[in-house]
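S.K.: Here it is, the structure in full.
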Amino acid sequence: WEAALCPHANHVLQKYIVTMKPAACQFMVDELAQRGPAGSSKLARHKYGYRVFQRLLEHLLPQQTEQLVEGLMTECVTLSMHRFGTYVMQHVLEYCTDAQHKRVIAALIPQIAKLSMNNDACMVLDAALAKGDSESQDLLAQAIVESDGAIGAMAHTRRGHVAVLSLLELIGGDLLEAARRQLAEQGGSLRKNRFGRIVLNFVQLHCGGIVVGAVGGA
């Protein structure tokens, strides 16, 4: 535990996890699991510990890390909005079990209005739109489109506009039309924002029509 939080020793742990077989890393999982959900949460928030958590998720088997990930389930939203926790949550979405993935999405959906205003959380939303089963992606996409002001807020920010682009690539039909309308309504503001211009131009070129007020260049 102390090594995971150490500015120097954490690199040794990361190297060990990357080079050794998953079974050889079980002792780390066991020690972390003894600290319960609070231990998982603290590690995910720590400026060095979160990197160790990432390596565990990348290189161990899902059944090995399942208990550690379980400790994050009640804090999906707050961790998604945390400076370091966001990176762990993005890895959780990529490497966790299917059941845990669905639970993360289910936790995020009611909080879209809050998450869309947070730059770190937007990275988690983007990861959720890119990974997982189509049903979960569709539910999340619908929640974002139906959350008043979410798309417009995200389109103005460095991380958020990337999630909006992922969203636009995923949706179609009525949802896409609704998204285009929301962006068109904020066309004036988006034109003055470099990230907003990227989104407007993407809609113009790839989404079957022109958003009024889109301009060339980024």
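Numbering starts fresh at 1 for the residues of each chain in the structure tokens, the chains themselves are lettered A, B, ... in the order given, and ligands are numbered from 1 as they appear.
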Which residues are close to Leu165 (chain A), i.e. within 9 Å by only C-alpha atoms, leaving aside same-chain residues fewer than 2 positions away? Reply as a list in words.
M.R.: Asp126, Ala155, Gly160, His161, Val162, Ala163, Leu167, Leu168, Glu169, Leu170, Ile198, Val199, Phe202 and Val203 of chain A
S.K.: Please produce a file of the residues just selected, as a compact mmCIF listing (two decimals), in the first residue's frame, where the atoms kept are all heavy atoms.
M.R.:
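Final output, out-v4.txt:
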```txt
# COMPACT_ATOMS: atom_id res chain seq x y z
N ASP A 126 -17.06 10.22 -22.69
CA ASP A 126 -16.54 9.85 -24.00
C ASP A 126 -16.14 8.37 -24.02
O ASP A 126 -16.43 7.65 -24.98
CB ASP A 126 -15.34 10.73 -24.35
CG ASP A 126 -14.78 10.43 -25.74
OD1 ASP A 126 -15.57 10.39 -26.70
OD2 ASP A 126 -13.57 10.22 -25.86
N ALA A 155 -19.88 20.99 -25.80
CA ALA A 155 -19.30 21.40 -27.07
C ALA A 155 -18.35 22.58 -26.92
O ALA A 155 -17.53 22.83 -27.81
CB ALA A 155 -20.41 21.74 -28.07
N GLY A 160 -15.00 18.09 -23.38
CA GLY A 160 -16.40 17.87 -23.68
C GLY A 160 -16.68 17.78 -25.16
O GLY A 160 -17.50 16.96 -25.60
N HIS A 161 -16.01 18.59 -25.97
CA HIS A 161 -16.31 18.57 -27.40
C HIS A 161 -15.93 17.23 -28.03
O HIS A 161 -16.56 16.78 -28.99
CB HIS A 161 -15.63 19.74 -28.12
CG HIS A 161 -14.26 19.46 -28.64
ND1 HIS A 161 -13.14 19.44 -27.84
CD2 HIS A 161 -13.83 19.16 -29.90
CE1 HIS A 161 -12.07 19.17 -28.58
NE2 HIS A 161 -12.47 18.99 -29.83
N VAL A 162 -14.93 16.56 -27.46
CA VAL A 162 -14.55 15.23 -27.96
C VAL A 162 -15.68 14.24 -27.71
O VAL A 162 -16.01 13.40 -28.57
CB VAL A 162 -13.25 14.76 -27.28
CG1 VAL A 162 -12.89 13.35 -27.74
CG2 VAL A 162 -12.11 15.71 -27.59
N ALA A 163 -16.29 14.32 -26.54
CA ALA A 163 -17.43 13.46 -26.23
C ALA A 163 -18.62 13.75 -27.14
O ALA A 163 -19.34 12.84 -27.55
CB ALA A 163 -17.84 13.62 -24.76
N LEU A 167 -20.54 11.23 -29.59
CA LEU A 167 -21.99 11.11 -29.54
C LEU A 167 -22.59 11.24 -30.94
O LEU A 167 -23.45 10.43 -31.33
CB LEU A 167 -22.55 12.19 -28.61
CG LEU A 167 -24.07 12.32 -28.55
CD1 LEU A 167 -24.68 11.14 -27.80
CD2 LEU A 167 -24.48 13.62 -27.89
N LEU A 168 -22.16 12.24 -31.68
CA LEU A 168 -22.71 12.48 -33.01
C LEU A 168 -22.43 11.32 -33.97
O LEU A 168 -23.22 11.03 -34.87
CB LEU A 168 -22.15 13.78 -33.58
CG LEU A 168 -22.57 15.06 -32.85
CD1 LEU A 168 -21.79 16.26 -33.39
CD2 LEU A 168 -24.06 15.30 -32.97
N GLU A 169 -21.30 10.65 -33.77
CA GLU A 169 -20.97 9.50 -34.61
C GLU A 169 -21.84 8.29 -34.26
O GLU A 169 -22.04 7.41 -35.10
CB GLU A 169 -19.50 9.13 -34.43
CG GLU A 169 -18.53 10.12 -35.05
CD GLU A 169 -17.09 9.69 -34.88
OE1 GLU A 169 -16.79 8.97 -33.90
OE2 GLU A 169 -16.25 10.06 -35.73
N LEU A 170 -22.35 8.28 -33.04
CA LEU A 170 -23.08 7.11 -32.55
C LEU A 170 -24.57 7.17 -32.86
O LEU A 170 -25.20 6.14 -33.13
CB LEU A 170 -22.87 7.00 -31.03
CG LEU A 170 -23.49 5.81 -30.31
CD1 LEU A 170 -22.83 4.50 -30.78
CD2 LEU A 170 -23.32 5.96 -28.80
N ILE A 198 -15.14 23.35 -34.01
CA ILE A 198 -14.84 21.98 -34.44
C ILE A 198 -16.12 21.15 -34.50
O ILE A 198 -16.36 20.40 -35.46
CB ILE A 198 -13.81 21.33 -33.49
CG1 ILE A 198 -12.46 22.02 -33.61
CG2 ILE A 198 -13.66 19.83 -33.80
CD1 ILE A 198 -11.44 21.58 -32.57
N VAL A 199 -16.96 21.28 -33.48
CA VAL A 199 -18.21 20.53 -33.44
C VAL A 199 -19.14 20.98 -34.57
O VAL A 199 -19.74 20.15 -35.27
CB VAL A 199 -18.90 20.70 -32.07
CG1 VAL A 199 -20.30 20.07 -32.09
CG2 VAL A 199 -18.06 20.07 -30.97
N PHE A 202 -18.00 19.60 -37.83
CA PHE A 202 -18.24 18.16 -37.92
C PHE A 202 -19.69 17.89 -38.32
O PHE A 202 -19.96 17.05 -39.17
CB PHE A 202 -17.94 17.49 -36.58
CG PHE A 202 -18.11 15.99 -36.59
CD1 PHE A 202 -17.05 15.17 -36.93
CD2 PHE A 202 -19.33 15.41 -36.29
CE1 PHE A 202 -17.20 13.79 -36.96
CE2 PHE A 202 -19.49 14.04 -36.31
CZ PHE A 202 -18.42 13.22 -36.65
N VAL A 203 -20.61 18.61 -37.69
CA VAL A 203 -22.03 18.45 -38.03
C VAL A 203 -22.27 18.82 -39.49
O VAL A 203 -22.98 18.13 -40.23
CB VAL A 203 -22.91 19.30 -37.11
CG1 VAL A 203 -24.37 19.23 -37.55
CG2 VAL A 203 -22.77 18.84 -35.67
```
S.K.: Using only C-alpha atoms for the distances, tell me which of A:Gly173, A:Gly85, A:Gly71, A:Pro62 is nearest to Arg45 (chain A).
M.R.: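 Once distances to Arg45 (chain A) are computed over only C-alpha atoms, the minimum belongs to A:Gly85.
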S.K.: Taking only C-alpha atoms into account, name the residue in A:Lys131, A:Lys114, A:Arg181, A:His11 that is nearest to Ala150 (chain A).
M.R.: A:Lys114
S.K.: Check the DSSP output for the backbone and give back, as an MDAnalysis selection string, the residues of region 83-189 of chain A in helix (DSSP H, G or I).
M.R.: chainID A and resid 85:95 98:115 119:130 134:146 150:155 160:170 173:185 187:189
S.K.: Would you pick out the contacts of Gln14 (chain A) at 12 Å or less, using only C-alpha atoms, so that residues sharing its chain but fewer than 6 positions from it are not included, and give the list as an mmCIF file with N, CA and C atoms, in the first residue's frame?
M.R.:
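And here's result-v4.cif as it stands now:
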```
data_model
loop_
_atom_site.group_PDB
_atom_site.id
_atom_site.type_symbol
_atom_site.label_atom_id
_atom_site.label_comp_id
_atom_site.auth_asym_id
_atom_site.auth_seq_id
_atom_site.Cartn_x
_atom_site.Cartn_y
_atom_site.Cartn_z
ATOM 1 N N ALA A 3 3.872 1.573 -0.990
ATOM 2 C CA ALA A 3 4.603 1.686 -2.252
ATOM 3 C C ALA A 3 3.727 2.299 -3.346
ATOM 4 N N ALA A 4 2.453 1.965 -3.356
ATOM 5 C CA ALA A 4 1.545 2.487 -4.381
ATOM 6 C C ALA A 4 1.376 3.987 -4.260
ATOM 7 N N LEU A 5 1.529 4.510 -3.056
ATOM 8 C CA LEU A 5 1.339 5.942 -2.818
ATOM 9 C C LEU A 5 2.648 6.727 -2.820
ATOM 10 N N CYS A 6 3.753 6.024 -3.009
ATOM 11 C CA CYS A 6 5.076 6.658 -2.970
ATOM 12 C C CYS A 6 5.423 7.229 -4.348
ATOM 13 N N PRO A 7 5.972 8.446 -4.392
ATOM 14 C CA PRO A 7 6.301 9.056 -5.688
ATOM 15 C C PRO A 7 7.350 8.279 -6.481
ATOM 16 N N HIS A 8 8.135 7.435 -5.804
ATOM 17 C CA HIS A 8 9.166 6.661 -6.495
ATOM 18 C C HIS A 8 8.787 5.183 -6.596
ATOM 19 N N MET A 20 5.162 -9.026 -15.081
ATOM 20 C CA MET A 20 4.885 -10.333 -14.478
ATOM 21 C C MET A 20 3.526 -10.870 -14.928
ATOM 22 N N CYS A 25 0.792 -11.201 -9.446
ATOM 23 C CA CYS A 25 0.379 -9.909 -8.883
ATOM 24 C C CYS A 25 -0.785 -10.033 -7.914
ATOM 25 N N MET A 28 -0.846 -8.208 -4.521
ATOM 26 C CA MET A 28 -1.205 -6.790 -4.494
ATOM 27 C C MET A 28 -2.713 -6.624 -4.372
ATOM 28 N N TYR A 48 -0.408 9.316 -7.238
ATOM 29 C CA TYR A 48 0.452 8.240 -7.711
ATOM 30 C C TYR A 48 -0.308 6.917 -7.754
ATOM 31 N N GLY A 49 -1.165 6.721 -6.798
ATOM 32 C CA GLY A 49 -1.884 5.451 -6.694
ATOM 33 C C GLY A 49 -2.781 5.151 -7.875
ATOM 34 N N TYR A 50 -3.345 6.199 -8.481
ATOM 35 C CA TYR A 50 -4.256 5.950 -9.600
ATOM 36 C C TYR A 50 -3.536 5.263 -10.752
ATOM 37 N N ARG A 51 -2.234 5.523 -10.904
ATOM 38 C CA ARG A 51 -1.473 4.891 -11.981
ATOM 39 C C ARG A 51 -1.322 3.393 -11.731
ATOM 40 N N VAL A 52 -1.101 3.026 -10.479
ATOM 41 C CA VAL A 52 -1.018 1.611 -10.119
ATOM 42 C C VAL A 52 -2.354 0.925 -10.387
ATOM 43 N N PHE A 53 -3.440 1.604 -10.027
ATOM 44 C CA PHE A 53 -4.781 1.068 -10.275
ATOM 45 C C PHE A 53 -4.972 0.829 -11.776
ATOM 46 N N GLN A 54 -4.543 1.765 -12.606
ATOM 47 C CA GLN A 54 -4.664 1.615 -14.054
ATOM 48 C C GLN A 54 -3.911 0.378 -14.552
ATOM 49 N N ARG A 55 -2.686 0.192 -14.063
ATOM 50 C CA ARG A 55 -1.898 -0.951 -14.517
ATOM 51 C C ARG A 55 -2.547 -2.271 -14.084
ATOM 52 N N LEU A 56 -3.111 -2.303 -12.897
ATOM 53 C CA LEU A 56 -3.798 -3.512 -12.441
ATOM 54 C C LEU A 56 -4.963 -3.844 -13.369
ATOM 55 N N LEU A 57 -5.737 -2.834 -13.737
ATOM 56 C CA LEU A 57 -6.877 -3.061 -14.618
ATOM 57 C C LEU A 57 -6.429 -3.505 -16.009
ATOM 58 N N GLU A 58 -5.316 -2.972 -16.466
ATOM 59 C CA GLU A 58 -4.827 -3.292 -17.809
ATOM 60 C C GLU A 58 -4.282 -4.707 -17.914
ATOM 61 N N HIS A 59 -3.593 -5.179 -16.876
ATOM 62 C CA HIS A 59 -2.790 -6.391 -17.019
ATOM 63 C C HIS A 59 -3.289 -7.593 -16.220
ATOM 64 N N LEU A 60 -4.196 -7.375 -15.301
ATOM 65 C CA LEU A 60 -4.745 -8.512 -14.555
ATOM 66 C C LEU A 60 -6.057 -8.962 -15.177
#
```
